[in-house]
Structures are given as C-alpha cells and as structure tokens.
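Asks: The following file, start_20.txt, comprises compact mmCIF, C-alpha atoms and all ligand atoms:
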# COMPACT_ATOMS: atom_id res chain seq x y z
CA MET C 201 17.21 1.96 1.27
CA THR C 202 18.67 -0.52 3.76
CA LEU C 203 16.75 -2.68 6.24
CA SER C 204 18.64 -3.49 9.45
CA PRO C 205 17.79 -5.57 12.54
CA ALA C 206 16.36 -3.53 15.41
CA PRO C 207 15.88 -4.20 19.15
CA VAL C 208 12.80 -5.90 20.58
CA GLY C 209 9.97 -3.43 21.07
CA SER C 210 11.32 -0.82 18.64
CA GLY C 211 8.83 -1.65 15.87
CA ILE C 212 9.34 -0.14 12.43
CA ARG C 213 11.36 3.06 12.33
CA PHE C 214 12.72 5.03 9.39
CA VAL C 215 15.89 7.08 9.53
CA ARG C 216 16.61 9.70 6.86
CA THR C 217 20.37 9.28 6.46
CA ASP C 218 20.51 12.28 4.09
CA ILE C 219 19.47 14.47 7.04
CA GLY C 220 21.23 12.78 9.97
CA PRO C 221 21.13 9.93 12.50
CA ASP C 222 18.44 11.64 14.58
CA ALA C 223 16.07 12.13 11.63
CA VAL C 224 13.82 9.30 12.75
CA VAL C 225 10.21 8.75 11.72
CA GLU C 226 8.17 6.09 13.51
CA ALA C 227 5.66 4.02 11.52
CA LEU C 228 2.58 5.23 13.40
CA ALA C 229 -0.75 6.54 12.09
CA THR C 230 -0.39 9.60 14.33
CA HIS C 231 2.37 10.76 11.92
CA VAL C 232 0.35 10.37 8.70
CA SER C 233 0.42 13.72 6.88
CA ASN C 234 -0.79 12.90 3.35
CA THR C 235 -2.80 10.07 1.78
CA ALA C 236 -3.21 11.34 -1.79
CA ARG C 237 -2.26 8.30 -3.98
CA SER C 238 0.15 6.95 -1.30
CA THR C 239 0.77 7.23 2.44
CA THR C 240 3.23 9.83 3.75
CA LEU C 241 4.55 10.07 7.31
CA THR C 242 5.89 13.32 8.78
CA GLN C 243 7.54 13.54 12.20
CA ASN C 244 9.36 16.68 13.39
CA GLY C 245 9.10 18.05 9.84
CA ILE C 246 10.81 14.99 8.33
CA ASN C 247 8.93 13.18 5.56
CA VAL C 248 8.89 9.57 4.44
CA ILE C 249 6.70 9.11 1.36
CA THR C 250 5.03 5.90 0.04
CA VAL C 251 5.50 3.76 3.14
CA GLU C 252 2.56 1.39 2.55
CA HIS C 253 4.08 -1.28 0.28
CA LEU C 254 7.17 -1.78 2.46
CA LEU C 255 5.05 -1.84 5.64
CA SER C 256 2.82 -4.43 3.98
CA ALA C 257 5.78 -6.68 3.10
CA LEU C 258 7.11 -6.41 6.67
CA THR C 259 3.67 -7.33 8.00
CA GLY C 260 2.99 -10.15 5.55
CA LEU C 261 6.42 -11.67 6.23
CA GLY C 262 6.12 -11.31 10.01
CA VAL C 263 8.89 -8.76 10.69
CA ASP C 264 8.35 -7.10 14.10
CA ASN C 265 11.34 -4.82 14.48
CA VAL C 266 13.39 -3.15 11.75
CA LEU C 267 15.31 0.04 11.10
CA VAL C 268 14.77 1.34 7.57
CA SER C 269 17.59 3.65 6.48
CA LEU C 270 16.68 5.89 3.59
CA ASP C 271 18.82 8.51 1.79
CA ASN C 272 15.82 10.23 0.22
CA GLU C 273 12.29 11.19 1.23
CA GLU C 274 10.56 8.56 -0.91
CA ILE C 275 10.66 4.78 -0.56
CA PRO C 276 11.53 3.29 -3.98
CA ILE C 277 8.32 2.23 -5.75
CA LEU C 278 10.17 -0.37 -7.91
CA ASP C 279 7.60 -2.46 -9.83
CA GLY C 280 4.59 -1.01 -8.00
CA SER C 281 4.16 -4.10 -5.81
CA ALA C 282 5.82 -5.35 -2.62
CA LYS C 283 7.59 -8.20 -4.46
CA PRO C 284 11.09 -6.64 -4.60
CA TYR C 285 10.96 -6.00 -0.83
CA CYS C 286 9.69 -9.56 -0.19
CA ASP C 287 12.43 -11.04 -2.39
CA ALA C 288 15.14 -9.09 -0.55
CA ILE C 289 13.78 -9.91 2.93
CA LEU C 290 13.27 -13.61 2.11
CA ALA C 291 16.73 -13.89 0.50
CA ASP C 292 18.50 -12.64 3.63
CA GLY C 293 15.99 -14.14 6.06
CA THR C 294 14.84 -12.99 9.48
CA LEU C 295 15.94 -13.97 12.98
CA PRO C 296 13.83 -14.87 16.00
CA GLN C 297 14.20 -12.43 18.88
CA ASP C 298 14.17 -13.27 22.55
CA CYS C 299 10.60 -12.15 23.18
CA GLU C 300 7.04 -13.17 22.33
CA ARG C 301 5.26 -10.92 19.85
CA ARG C 302 2.97 -8.44 21.56
CA TYR C 303 -0.08 -8.20 19.34
CA ILE C 304 -2.30 -5.15 19.15
CA THR C 305 -5.61 -6.35 20.60
CA LEU C 306 -8.94 -4.58 20.78
CA ASP C 307 -11.45 -4.33 23.62
CA ARG C 308 -14.30 -3.64 21.25
CA GLU C 309 -15.23 -3.53 17.58
CA ILE C 310 -14.09 -0.47 15.61
CA VAL C 311 -16.18 0.69 12.66
CA TYR C 312 -15.49 3.43 10.12
CA GLU C 313 -18.31 4.14 7.71
CA ASP C 314 -18.96 6.66 4.96
CA ALA C 315 -22.46 5.77 3.77
CA VAL C 316 -22.40 8.31 0.92
CA LYS C 317 -19.28 6.80 -0.66
CA GLY C 318 -20.21 3.23 0.32
CA ILE C 319 -17.00 2.84 2.34
CA LYS C 320 -16.99 0.65 5.44
CA VAL C 321 -14.17 -0.85 7.51
CA THR C 322 -14.91 -3.09 10.49
CA VAL C 323 -12.17 -4.28 12.85
CA THR C 324 -13.36 -6.99 15.23
CA PRO C 325 -11.33 -8.64 18.02
CA ALA C 326 -10.30 -12.16 16.93
CA ASP C 327 -7.79 -14.82 17.94
CA THR C 328 -6.46 -15.19 14.40
CA PRO C 329 -5.73 -12.11 12.25
CA SER C 330 -7.61 -12.03 8.96
CA TYR C 331 -8.39 -9.45 6.29
CA ASP C 332 -11.16 -9.35 3.70
CA ILE C 333 -11.50 -6.61 1.14
CA SER C 334 -14.03 -5.76 -1.52
CA VAL C 335 -13.37 -3.18 -4.25
CA ASP C 336 -15.72 -1.51 -6.69
CA PHE C 337 -14.47 1.35 -8.88
CA ASN C 338 -17.65 1.41 -10.94
CA SER C 339 -15.49 -0.04 -13.70
CA LYS C 340 -16.59 -2.50 -16.37
CA VAL C 341 -12.97 -3.56 -16.85
CA VAL C 342 -12.16 -4.26 -13.20
CA GLY C 343 -15.66 -5.22 -12.00
CA VAL C 344 -16.35 -5.92 -8.34
CA GLN C 345 -13.49 -7.90 -6.80
CA GLN C 346 -12.68 -9.48 -3.44
CA ALA C 347 -9.47 -10.64 -1.78
CA HIS C 348 -8.63 -12.41 1.47
CA TRP C 349 -5.52 -12.82 3.61
CA ASP C 350 -4.84 -14.66 6.84
CA PRO C 351 -1.56 -16.15 8.11
CA SER C 352 -2.20 -19.43 6.20
CA VAL C 353 -2.06 -17.53 2.87
CA ASP C 354 1.36 -17.16 1.18
CA TYR C 355 1.72 -13.37 1.40
CA ALA C 356 4.64 -12.99 -1.03
CA GLY C 357 3.10 -15.17 -3.74
CA GLU C 358 -0.55 -14.17 -3.42
CA ILE C 359 -0.65 -10.56 -2.18
CA GLY C 360 2.81 -9.01 -2.15
CA CYS C 361 3.43 -9.51 -5.88
CA CYS C 362 0.24 -7.70 -6.95
CA ARG C 363 0.94 -4.40 -8.64
CA THR C 364 -0.57 -0.99 -8.21
CA PHE C 365 -2.97 0.22 -10.91
CA VAL C 366 -4.34 3.44 -12.29
CA PHE C 367 -7.11 4.42 -14.70
CA PHE C 368 -6.03 6.17 -17.91
CA HIS C 369 -8.50 9.03 -17.36
CA GLU C 370 -6.94 9.62 -13.92
CA ILE C 371 -3.45 9.86 -15.42
CA GLU C 372 -4.75 12.30 -18.01
CA TYR C 373 -6.41 14.42 -15.32
CA LEU C 374 -3.29 14.38 -13.13
CA TYR C 375 -1.06 15.24 -16.10
CA ASN C 376 -3.30 18.09 -17.27
CA ASN C 377 -3.22 19.53 -13.75
CA ASN C 378 0.57 19.20 -13.38
CA LEU C 379 0.21 16.61 -10.63
CA ILE C 380 2.39 13.91 -12.22
CA LYS C 381 5.47 13.73 -14.38
CA GLY C 382 7.25 11.06 -16.38
CA GLY C 383 8.27 8.14 -14.16
CA ASP C 384 5.22 8.37 -11.92
CA VAL C 385 3.26 5.91 -14.05
CA ASP C 386 6.06 3.59 -15.19
CA ASN C 387 5.22 1.06 -12.52
CA ALA C 388 1.44 0.82 -12.60
CA ILE C 389 -1.06 -1.37 -14.40
CA VAL C 390 -2.96 1.09 -16.61
CA ILE C 391 -6.69 0.48 -17.14
CA ILE C 392 -8.54 2.10 -20.04
CA GLU C 393 -12.18 2.32 -18.99
CA HIS C 394 -13.53 4.44 -21.83
CA PRO C 395 -12.48 4.41 -25.49
CA VAL C 396 -9.75 7.02 -25.92
CA PRO C 397 -8.87 8.70 -29.24
CA ARG C 398 -5.41 7.67 -30.35
CA GLU C 399 -4.24 11.32 -30.48
CA ARG C 400 -5.01 11.81 -26.79
CA VAL C 401 -2.94 8.76 -25.86
CA GLU C 402 -0.08 9.96 -28.08
CA ALA C 403 -0.19 13.45 -26.58
CA LEU C 404 -0.13 12.09 -23.04
CA CYS C 405 2.69 9.65 -23.77
CA ALA C 406 4.73 12.45 -25.37
CA GLY C 407 4.15 14.65 -22.33
CA LEU C 408 5.20 11.92 -19.94
CA SER C 409 8.10 10.76 -22.17
CA ILE C 410 6.81 7.18 -22.24
CA PRO C 411 6.43 4.89 -25.28
CA VAL C 412 3.11 4.98 -27.12
CA PRO C 413 1.33 1.64 -26.55
CA ALA C 414 0.39 -0.49 -29.53
CA ASP C 415 -3.13 -1.26 -28.29
CA THR C 416 -5.20 1.50 -26.69
CA SER C 417 -8.61 -0.15 -26.74
CA VAL C 418 -10.70 -0.53 -23.59
CA GLY C 419 -9.15 -2.93 -21.06
CA TYR C 420 -5.67 -3.30 -19.59
CA LEU C 421 -3.13 -1.22 -21.48
CA ASP C 422 -1.27 -3.21 -24.13
CA GLY C 423 -3.18 -6.37 -23.19
CA LEU C 424 -1.02 -6.68 -20.09
CA ARG C 425 -1.03 -10.11 -18.47
CA LEU C 426 -2.35 -9.99 -14.92
CA TYR C 427 -0.90 -12.25 -12.22
CA TYR C 428 -4.44 -12.83 -10.93
CA ASP C 429 -7.88 -11.95 -12.31
CA ASN C 430 -8.45 -10.00 -9.09
CA GLU C 431 -5.00 -8.41 -8.98
CA CYS C 432 -6.57 -4.99 -8.26
CA ALA C 433 -8.33 -6.28 -5.11
CA ARG C 434 -5.17 -8.10 -4.06
CA HIS C 435 -3.18 -4.88 -4.42
CA LYS C 436 -5.76 -3.03 -2.32
CA MET C 437 -5.27 -5.78 0.28
CA LEU C 438 -1.51 -5.13 0.09
CA ASP C 439 -2.18 -1.43 0.75
CA LEU C 440 -4.64 -2.18 3.58
CA MET C 441 -2.19 -4.46 5.38
CA GLY C 442 0.56 -1.84 5.05
CA ASP C 443 -1.54 1.11 6.16
CA LEU C 444 -3.05 -0.76 9.13
CA ARG C 445 0.47 -1.65 10.33
CA LEU C 446 0.53 2.03 11.30
CA CYS C 447 -1.53 1.05 14.36
CA GLY C 448 1.90 0.18 15.79
CA GLY C 449 2.17 -3.59 15.44
CA PHE C 450 0.50 -6.82 14.41
CA LEU C 451 -3.24 -6.61 14.75
CA LYS C 452 -5.07 -9.53 16.33
CA ALA C 453 -8.38 -8.82 14.69
CA ARG C 454 -10.67 -9.64 11.80
CA VAL C 455 -10.70 -6.77 9.31
CA VAL C 456 -13.49 -6.44 6.75
CA ALA C 457 -13.03 -3.52 4.35
CA VAL C 458 -15.27 -2.27 1.56
CA LYS C 459 -14.06 0.32 -1.00
CA THR C 460 -11.32 1.59 1.29
CA GLY C 461 -8.16 3.53 0.39
CA HIS C 462 -5.12 5.09 2.05
CA CYS C 463 -7.06 7.93 3.71
CA VAL C 464 -9.61 5.64 5.38
CA ASN C 465 -7.01 2.97 6.20
CA ALA C 466 -4.91 5.56 8.02
CA LYS C 467 -7.96 6.86 9.89
CA VAL C 468 -8.81 3.32 11.02
CA ALA C 469 -5.21 2.73 12.16
CA ARG C 470 -5.48 5.93 14.18
CA MET C 471 -8.83 4.85 15.66
CA ILE C 472 -7.14 1.63 16.80
CA ILE C 473 -4.34 3.60 18.49
CA GLU C 474 -6.83 5.95 20.13
CA SER C 475 -8.98 3.07 21.38
CA LYS C 476 -6.16 1.94 23.69
ZN ZN X 501 -0.42 0.44 -3.34
Please lay out the structure from this file as structure tokens.
Replies:
Amino acid sequence: MTLSPAPVGSGIRFVRTDIGPDAVVEALATHVSNTARSTTLTQNGINVITVEHLLSALTGLGVDNVLVSLDNEEIPILDGSAKPYCDAILADGTLPQDCERRYITLDREIVYEDAVKGIKVTVTPADTPSYDISVDFNSKVVGVQQAHWDPSVDYAGEIGCCRTFVFFHEIEYLYNNNLIKGGDVDNAIVIIEHPVPRERVEALCAGLSIPVPADTSVGYLDGLRLYYDNECARHKMLDLMGDLRLCGGFLKARVVAVKTGHCVNAKVARMIIESK
C-alpha cells in the first residue's frame, strides 16, 4: 500500500493497482458493501476491505486528500491499530494545499437509534468537531468504558495506537463455523470472558496454527499489558472516526455514540450524505 498526494477536492480514493489504473474506489458510505467485523467498500465490483483504521488515521492526522494505491483487496491490518499508518504519515509529513478545508456541516441533528440493542448515535451541528463514545459488551472483563476525541487530543498517541480486540468465545464460534483462519486473530487483543477448559484453548490454537498461551484464565489473554485501561473504548473511537469519514470529509459536528459498531457507523455516515 502506498499513500500519495492528491489534488484539492479529491478526498480519499483507493486505486487497486493489481486490477488497473481505473480501478478506483471512493471513500464514501454509499459504497459500503459489508460491515461484518470490518468495513468493506465496493464500487463497480471492485472491493477494498478493512478501510476503517486507515481512514481513521487520515482523519485524526488531518489529511484531506490522498490517493491510496493497493495491490490487493485488503488494507494491511498490521498490529490491529492505526499506529503503523500514523507513524508512516508523521514520518513523511503532510503539505498544506492552496485551499481552505471544506468541512461537512449539518443543517439539523441526525439521530440513529436501535432501542432494542441500546444503540444510539447523535450527530449535532457544532463549531468544533468532537466525538464521545460509550461501550458496553456486557463483559465483566471490559466493563463499561468511555472515550473522547476532539482536535486538542493527540490522535496518534491516545486513539490511533489502540488495538482491536476480540472475545475468545467469538473466535471459537467463528473458527467452528469456518469464518476465520490462522492469521485473522494474530493482531487482536483477546479477552477471555468465561473460564475456558485448557483443552478447548489448545484445540483452537492448533486449528489456527497459533502458539498455545501460558495463561488462559479469565481476563486479557496471557496477561497482556494494555496501553490504556479503556483501550477497547479508544479502539471503538478509532473505528468510529474512520467509518464516519465515509461521509466524504471532515465533519463539523459533535458526535455522541453509544454501543455503536461498523454497521451503524456506516449507516450514520450515509444519513449525513443523504441529509445534504
Ligand atoms: Zn477496528
């Protein structure tokens, strides 16, 4: 994957170099085709999978226009956070362009609510962008967590570095239903919510060709050290910022999100586009 400067007004565009120079996919919610575990864009039959962490880094670091060249359909997941993208972008730096940023503004408040699942996202017009998120997975290990971002918060150090996570019982379910393979869980924080017999862990690790952990008691697998106590909420913030970038630019709004995920984030981004 290569990030290249792009003209004013072009936004974020992907080009699949393995297909050809015209295989372009724009980062817009109208092209979202799948939100199971990550966000996929499809335009003219061309896929780009797992766009959210890169889009989040580009948003958190204030990149307006960029061409992302990709020789595969999936953006590299790397360590499961946006840190490697942030490091690369910050190392090379960005350039000012000869134009003021045109923010996405709203005429009215946008609300998405699913009362049954307890999900709610509110996007309110505001002069300064800000995001608040609250997560609750009904987990004793994770608990209820909150995270906040606004432009005064160091995105790379406080949000971008926070890694994706998965519950052990979800991995087991996905594996038993042939939905994941080895490599898919190398880059996630694994949370053991319920005591798991050692044999089940060993069987799963053998199936996925990953090392058997030393400690499989309830908690974070192998006593992993978190960057922040609320790293899970911070990662969900990372996802939210990336998915909402699919509204087509930088949002000038206050976003308050409760128990949201890729599917709802993409729907909200689409509602923002359709409100124009
Ligand atoms: Zn994520």
Asks: Dump the neighbourhood of ligand ZN 501 (chain X) as number ranges by chain: all residues within 12 Å, distances computed on only C-alpha atoms and all ligand atoms.
Replies: C: 235-239, 250-257, 277-283, 359-366, 387-389, 431-443, 460-462, 465
Asks: Separation of atom CA of C:Val224 and atom CA of C:Val268, in Å?
Replies: 9.5 Å
Asks: In terms of the shortest atom-to-atom distance over all atoms listed in the file, which of C:Gly407, C:Pro351, C:Gly357, C:Val468 is closest to C:Tyr427?
Replies: C:Gly357
Asks: Counting only C-alpha atoms, write as a PyMOL selection string all protein and nucleic acid residues lying at most 8 Å from (17.8, -2.3, 14.4) in the file's frame.
Replies: chain C and resi 204-207+210+265-267
Asks: Once you have the residues from the selection above, write them out as a compact mmCIF listing (two decimals), keeping the file's coordinate frame, restricted to C-alpha atoms.
Replies:
# COMPACT_ATOMS: atom_id res chain seq x y z
CA SER C 204 18.64 -3.49 9.45
CA PRO C 205 17.79 -5.57 12.54
CA ALA C 206 16.36 -3.53 15.41
CA PRO C 207 15.88 -4.20 19.15
CA SER C 210 11.32 -0.82 18.64
CA ASN C 265 11.34 -4.82 14.48
CA VAL C 266 13.39 -3.15 11.75
CA LEU C 267 15.31 0.04 11.10
Asks: Quick one: pull the distance between atom CA of C:Ala223 and atom CA of C:Cys463, Å, one decimal.
Replies: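 That distance, rounded to one decimal, is 24.8 Å.
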Asks: I'd like the interatomic distance between atom CA of C:Gly209 and atom CA of C:Val232, to a tenth of an Å.
Replies: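 Pair atom CA of C:Gly209 / atom CA of C:Val232 returns 20.9 Å.
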Asks: From the set C:Tyr420, C:Trp349, C:Tyr428, C:Tyr375, which residue has the shortest atom-to-atom contact distance to C:Leu404, counting only C-alpha atoms?
Replies: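 Closest residue, counting only C-alpha atoms: C:Tyr375.
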Asks: Give me the box for stretch 211-226 of chain C as lines of an AutoDock Vina configuration file, namely the centre and edge lengths in Å to one decimal of a box along x, y and z that holds every listed atom plus 5 Å on each side.
Replies:
center_x = 14.7
center_y = 6.4
center_z = 10.0
size_x = 23.1
size_y = 26.1
size_z = 21.8
Asks: Of the residues C:Ile380, C:Val225, C:Ile275, C:Asp415, which is the one nearest to C:Pro397, using only C-alpha atoms?
Replies: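 Residue with the minimum atom-to-atom distance to C:Pro397: C:Asp415.
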Asks: List as a PyMOL selection string the protein and nucleic acid residues near C:Thr322, meaning an atom at most 10 Å away when all atoms listed in the file are counted, but skip any in the same chain fewer than 5 places from it.
Replies: chain C and resi 309-313+332+453-458+468
Asks: Leaving out C:Val396 and any residue of its chain fewer than 5 positions from it, which residues lie within 8 Å of it when counting only C-alpha atoms, given as a VMD selection string?
Replies: chain C and resid 401 416 to 418
Asks: Name all residues at most 6 Å from stretch 213-222 of chain C (count all atoms listed in the file; drop same-chain ones fewer than 4 positions away) and give them as a ChimeraX atom specification.
Replies: /C:226-227,267-271
Asks: With distances taken over only C-alpha atoms, which of C:Leu203, C:Asn244, C:Val263, C:Asn234 is nearest to C:Leu295?
Replies: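 Closest candidate: C:Val263.
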Asks: Write out as a list in words each polymer residue whose atoms come within 7 Å of C:Leu228, counting all atoms listed in the file; drop sequence neighbours fewer than 4 positions from it.
Replies: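 After dropping sequence-adjacent residues, the list is Leu446, Cys447 and Gly448 of chain C.
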Asks: Mind checking which residues fall within 8 Å of C:Asp350, counting only C-alpha atoms, ignoring those fewer than 5 positions away in the same chain, and posting them as JSON, numbers by chain?
Replies: {"C": [328, 329, 330, 331]}
Asks: Once you have the residues from the selection above, write them out as a PDB file, in the coordinates of the input, restricted to C-alpha atoms.
Replies:
ATOM      1  CA  THR C 328      -6.460 -15.190  14.400  1.00  0.00           C
ATOM      2  CA  PRO C 329      -5.730 -12.110  12.250  1.00  0.00           C
ATOM      3  CA  SER C 330      -7.610 -12.030   8.960  1.00  0.00           C
ATOM      4  CA  TYR C 331      -8.390  -9.450   6.290  1.00  0.00           C
TER       5      TYR C 331
END
Asks: Looking at C:Asp307, C:Asp292, C:Asp327, C:Asp298, which one is nearest to C:Ile473, with distances taken over only C-alpha atoms?
Replies: C:Asp307
